[in-house]
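Novice: One structure coming up, written as structure tokens, with questions to follow.
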Amino acid sequence: MENTMHFIGKLTVYLGLIMVVAGLAFGFSAMATDADSSAIQWIGLVPFGFLLLLTGTVMTQLSRPK
């Protein structure tokens with residue numbers, strides 16, 4: 001059980017990191033091209049990605065393999 005939770009936590013960290021980086025990169029590039037509605041959608045991914053990143057970090061720390 002602990003190894004599965006640790007694996008899911010690592011996967012959640014990576015998914016959150018990808019969401020944050022993609023949201024910032026595509027959001028700010030959309031703002032540079034005056035695509036405001038697209039920029040809002042992309043930058044809206046950042047808080048959800050940060051939430052996944054934090055959740056994954058807590059999961060990996062609570063289920064650390066011994």
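In the structure tokens, chains take the letters A, B, ... in the order shown, each chain's residues start at 1, and ligands count up from 1 in the order shown.
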Phe26 in chain A: which residues within 8 Å, counting only C-alpha atoms, same-chain residues fewer than 3 positions away excluded, as a list in words?

Specialist: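 The filter keeps Ala22, Gly23, Ser29, Ala30, Ala39, Trp42 and Ile43 of chain A.
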
Novice: Take the residues just selected and output them with C-alpha atoms as a short mmCIF file (atom, residue, chain, number, x, y, z; two decimals), in the first residue's frame.

Specialist:
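Contents of part.cif, as written:
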```
data_model
loop_
_atom_site.label_atom_id
_atom_site.label_comp_id
_atom_site.auth_asym_id
_atom_site.auth_seq_id
_atom_site.Cartn_x
_atom_site.Cartn_y
_atom_site.Cartn_z
CA ALA A 22 2.64 24.80 -19.32
CA GLY A 23 0.16 27.27 -17.85
CA SER A 29 2.94 33.81 -24.66
CA ALA A 30 -0.80 34.21 -25.34
CA ALA A 39 -4.26 33.55 -21.78
CA TRP A 42 -3.85 28.81 -19.65
CA ILE A 43 -2.94 30.86 -16.58
#
```

Novice: Give me the residues near range 55-63 of chain A as a VMD selection string, where near means some atom within 8 Å (using only C-alpha atoms) and where sequence neighbours in that chain fewer than 6 positions away do not count.

Specialist: chain A and resid 2 to 3 5 to 13

Novice: Could you work out how far CA of Phe50 in chain A lies from CA of Gly16 in chain A, giving the answer in Å with one decimal?

Specialist: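 Distance between the two atoms: 6.0 Å.
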
Novice: Could you tell me how far CA of Ser38 in chain A lies from CA of Leu17 in chain A, in Å and to one decimal?

Specialist: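 If I compute the distance from CA of Ser38 in chain A to CA of Leu17 in chain A, I get 20.2 Å.
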
Novice: Given only C-alpha atoms as the basis, pick out the residue of A:Arg64, A:Phe28, A:Asp36, A:Met19 nearest to Phe48 in chain A.

Specialist: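 The answer is A:Met19, which sits nearest to Phe48 in chain A.
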
Novice: Measure the distance from CA of Leu54 in chain A to CA of Ile40 in chain A in Å and round it to one decimal.

Specialist: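 Between these atoms lies a distance of 22.3 Å.
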